[in-house]
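Chemist: Would you mind keeping the following structure in view while I ask a few things?
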Amino acid sequence: MKNNWIIALFALISIGAQAQDIPQQTLTLQKAVEIALTNNYDIKVASNELQKTKNKNTPGNAGLLPSLSISAGTDYSNKATELQFMGNDQVLSIDGAESFSYNANVRLDYVLFDGLGNVYTYQKLKNADARQETLSLLQSENTIIQVTEAYYEVCRAQQNVSLADESMHISRKRYQRALDQKIYGKATELDVLNAEVDMNNDSTRILQTEQAYLQTLKNLNVVLGVSIQNNYDVDDSIEFRSDFTAEQVIADALTNNTQLIAQEQMVDLTALDLKITKSKKYPTVSAYGQYAYGRQDNDAGQLLYNQSYGPAAGVSLRFNVFNGRQLHTQEKNSLLDFESQQERSYQMAANVERNASNAFTDYDYKRKIVDLQKRSLKQAQLNFEKTEELFQIGRVTSIEFRTAQQNLLSVAANYNDSKFKAKVAEFYLLQLTGELLSDKD
């Protein structure tokens with residue numbers, strides 16, 4: 001499921017540390033997504049953020065492990081010293097009396113109890129890790145949607161180039177026919193000029209569609225994270241899913257929507273913040289153990305040197321009786337944060353339900369438009385074929401033939417446009433319902 005997918009995703013990112021170029025062959029949407037998930041800049045940033053939260057997710061960062069410290073030091077002094085001992089009037093003066101001191105210490109500190117604050121902190125770190133995984137999945141979903149939109153723009157532009165080429169082929173045949181008929185007196189100079197003008201217009205359309213195609217390629221290359229100069233064909237075949245129902249889409253969205261899951265995880269984090277704040281009401285019990293060594297050497301005084309070493313241990317208790325009601329304020333604000341996040345969850349659930357319903361309606365109507373455009377294309381194709389037959393025997397004028405040709409081109413372009421818009425709408429549905437990264441996809 002999603003957890004397995006995220007592990008595979010970031011394994012793919014780590015393997016593809018260097019930018020992956022597009023092979024010189026037909027690019028499929030699946031391959032485009034794989035390249036984007038390896039090279040896309042936002043995905044790499046999300047991967048780094050996920051790794052940061054994983055690095056923090058340790059018992060030590062939560063304060064559940066003891067701390068061990070080692071310290072050592074030495075001091076030196078050189079002073080003029082005067083000494084007078086009790087019961088003796090004689091004063092002893094020493095110039096340049098030297099003093100050396102040495103110390104070393106190994107200490108272990110451990111918090112025995114802090115109101116379970118460290119336990120809640122560790123749980124918060126684990127929850128923050130899980131939420132960052134969800135946010136990384138959300139970024140991956142957004143990247144896939146960007147790839148899908150850019151990819152199908154390339155598909156649409158590629159098919160428009162093919163349509164323009166086909167229209168140019170028809171216009172060339174018409175122009176050549178007009179030239180041949182003029183030789184035998186069956187066509188006038190005006191017929192030749194009209195055919196030539198239409199052929200030139202088709203040449204302009206080819207240049208325009210080729211330019212649009214190259215621009216859409218560059219847009220896709222940016223999303224993929226590859227060189228914008230990459231040039232390739234795309235697989236523009238389309239298959240639609242037909243197993244969506246409005247009720248199931250809404251139910252899946254309210255259960256599996258990644259953005260909603262991330263918000264619910266945020267509620268859990270603020271609930272843990274509230275528990276951590278409340279834990280500060282309890283006393284903190286700490287223990288320590290140490291082994292210390294110390295020595296001091298003196299040139300002046302009755303004590304020429306002093307040395308000590310050995311273990312020591314202790315337990316301490318700290319209880320905050322009053323700190324200006326700061327803890328009370330923190331607790332109230334933590335509770336308000338928790339309640340606010342709950343309200344955001346309710347609002348987001350309502351938005352997701354609305355968006356899922358609208359997305360299903362949008363997809364359903366776009367599919368209907370595709371079916372309608374498909375029927376229109378068949379009719380336009382039939383109309384053009386019959387008009388072409390009549391044109392061959394001189395029963396249809398060149399203007400009527402050109403009109404049928406342009407109608408076919410327009411309907412075919414509309415059909416292609418509706419297909420790709422419907423397919424993008426399908427991907428939006430998959431994202432809303434949490435299926436975009438599921439195993440079956």
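Ligands are numbered from 1 in the order shown, chains are lettered A, B, ... in the order of the structure tokens, and residues start at 1 in each chain.
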List every residue of region 148-314 of chain A that DSSP, applied to the backbone of this structure, places in alpha helix (DSSP H), and write the result as JSON, numbers by chain.
Modeler: {"A": [148, 149, 150, 151, 152, 153, 154, 155, 156, 157, 158, 159, 160, 161, 162, 163, 164, 165, 166, 167, 168, 169, 170, 171, 172, 173, 174, 175, 176, 177, 178, 179, 180, 181, 182, 183, 189, 190, 191, 192, 193, 194, 195, 196, 197, 198, 199, 200, 201, 202, 203, 204, 205, 206, 207, 208, 209, 210, 211, 212, 213, 214, 215, 216, 217, 218, 219, 220, 221, 222, 223, 224, 246, 247, 248, 249, 250, 251, 252, 253, 254, 255, 256, 258, 259, 260, 261, 262, 263, 264, 265, 266, 267, 268, 269, 270, 271, 272, 273, 274, 275, 276, 277, 278, 279]}
Chemist: Where does DSSP see strand (DSSP E) in region 58-158 of chain A, if you list the residues as an NGL selection string?
Modeler: :A and (67-84 or 91-113)
Chemist: For each of A:Leu50, A:Gly96, A:Thr38, A:Glu149, take the minimum atom-to-atom distance to Thr134 (chain A), counting only C-alpha atoms, then give the residue where this is smallest.
Modeler: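 Of A:Leu50, A:Gly96, A:Thr38, A:Glu149, the one nearest Thr134 (chain A), counting only C-alpha atoms, is A:Leu50.
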Chemist: List as JSON, numbers by chain the protein and nucleic acid residues near Tyr282 (chain A), meaning an atom at most 10 Å away when only C-alpha atoms are counted, but skip any in the same chain fewer than 3 places from it.
Modeler: {"A": [113, 114, 115, 116, 117, 278, 279, 285, 318, 319, 320, 321]}
Chemist: So that I have them on file, write out the residues from the current selection with C-alpha atoms, as a PDB file, in the first residue's frame.
Modeler:
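File produced: out-v5.pdb:
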ATOM      1  CA  PHE A 113      10.240  10.830  35.903  1.00  0.00           C
ATOM      2  CA  ASP A 114       9.023  14.100  34.345  1.00  0.00           C
ATOM      3  CA  GLY A 115       5.277  13.560  34.197  1.00  0.00           C
ATOM      4  CA  LEU A 116       5.741  11.282  31.125  1.00  0.00           C
ATOM      5  CA  GLY A 117       6.766  14.322  29.114  1.00  0.00           C
ATOM      6  CA  LYS A 278       0.342  19.101  31.167  1.00  0.00           C
ATOM      7  CA  SER A 279       3.265  16.872  32.104  1.00  0.00           C
ATOM      8  CA  VAL A 285      12.942  13.283  39.477  1.00  0.00           C
ATOM      9  CA  ARG A 318      12.446  19.610  41.177  1.00  0.00           C
ATOM     10  CA  PHE A 319       8.892  20.889  41.394  1.00  0.00           C
ATOM     11  CA  ASN A 320       7.675  24.135  39.921  1.00  0.00           C
ATOM     12  CA  VAL A 321       5.381  25.644  42.555  1.00  0.00           C
TER      13      VAL A 321
END
Chemist: Quote the spacing between CA of Leu272 (chain A) and CA of Asn118 (chain A) in Å to one decimal place.
Modeler: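 Between CA of Leu272 (chain A) and CA of Asn118 (chain A) the gap works out to 11.0 Å.
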Chemist: Would you compute the distance between CA of Ile144 (chain A) and CA of Ser438 (chain A)? Give it in Å to one decimal.
Modeler: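 We find that CA of Ile144 (chain A) and CA of Ser438 (chain A) lie 12.9 Å from each other.
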Chemist: Which value, in Å to one decimal, gives the distance between CA of Gln296 (chain A) and CA of Gly314 (chain A)?
Modeler: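 It comes out at 25.1 Å.
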Chemist: Residues at most 7 Å from region 123-133 of chain A, counting only C-alpha atoms, excluding those fewer than 3 positions away in the same chain, as a PyMOL selection string?
Modeler: chain A and resi 50+53-54+56-57+119-120+136-137+262+265+269+272
Chemist: Just C-alpha atoms for this one: save the residues we selected as a short mmCIF file (atom, residue, chain, number, x, y, z; two decimals), in the first residue's frame.
Modeler:
data_model
loop_
_atom_site.label_atom_id
_atom_site.label_comp_id
_atom_site.auth_asym_id
_atom_site.auth_seq_id
_atom_site.Cartn_x
_atom_site.Cartn_y
_atom_site.Cartn_z
CA LEU A 50 11.55 13.34 5.32
CA THR A 53 12.33 14.03 10.54
CA LYS A 54 13.61 10.45 10.53
CA LYS A 56 15.03 13.36 14.82
CA ASN A 57 12.89 10.31 15.56
CA VAL A 119 7.33 9.56 26.58
CA TYR A 120 4.89 11.95 24.90
CA SER A 136 6.00 13.48 0.96
CA LEU A 137 3.28 11.33 -0.57
CA ALA A 262 -2.10 14.80 6.95
CA GLN A 265 -2.14 13.63 11.86
CA LEU A 269 0.42 16.19 17.10
CA LEU A 272 0.48 15.36 22.16
#
Chemist: With only C-alpha atoms as the atoms that count, which of A:Ala412, A:Ile261, A:Val197, A:Val396 lies nearest to Ser376 (chain A)?
Modeler: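 Of all the options, A:Ala412 lies closest to Ser376 (chain A).
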Chemist: A:Val161, A:Ser237, A:Val249, A:Asp191: which is nearest Thr209 (chain A), counting only C-alpha atoms?
Modeler: A:Val161
Chemist: Any idea what's packed within 8 Å of Ser308 (chain A), counting only C-alpha atoms, ignoring anything in its chain fewer than 2 positions away? Could you give it as a list in words?
Modeler: Ala292, Tyr293, Gly294, Arg295, Asn306 and Gly310 of chain A
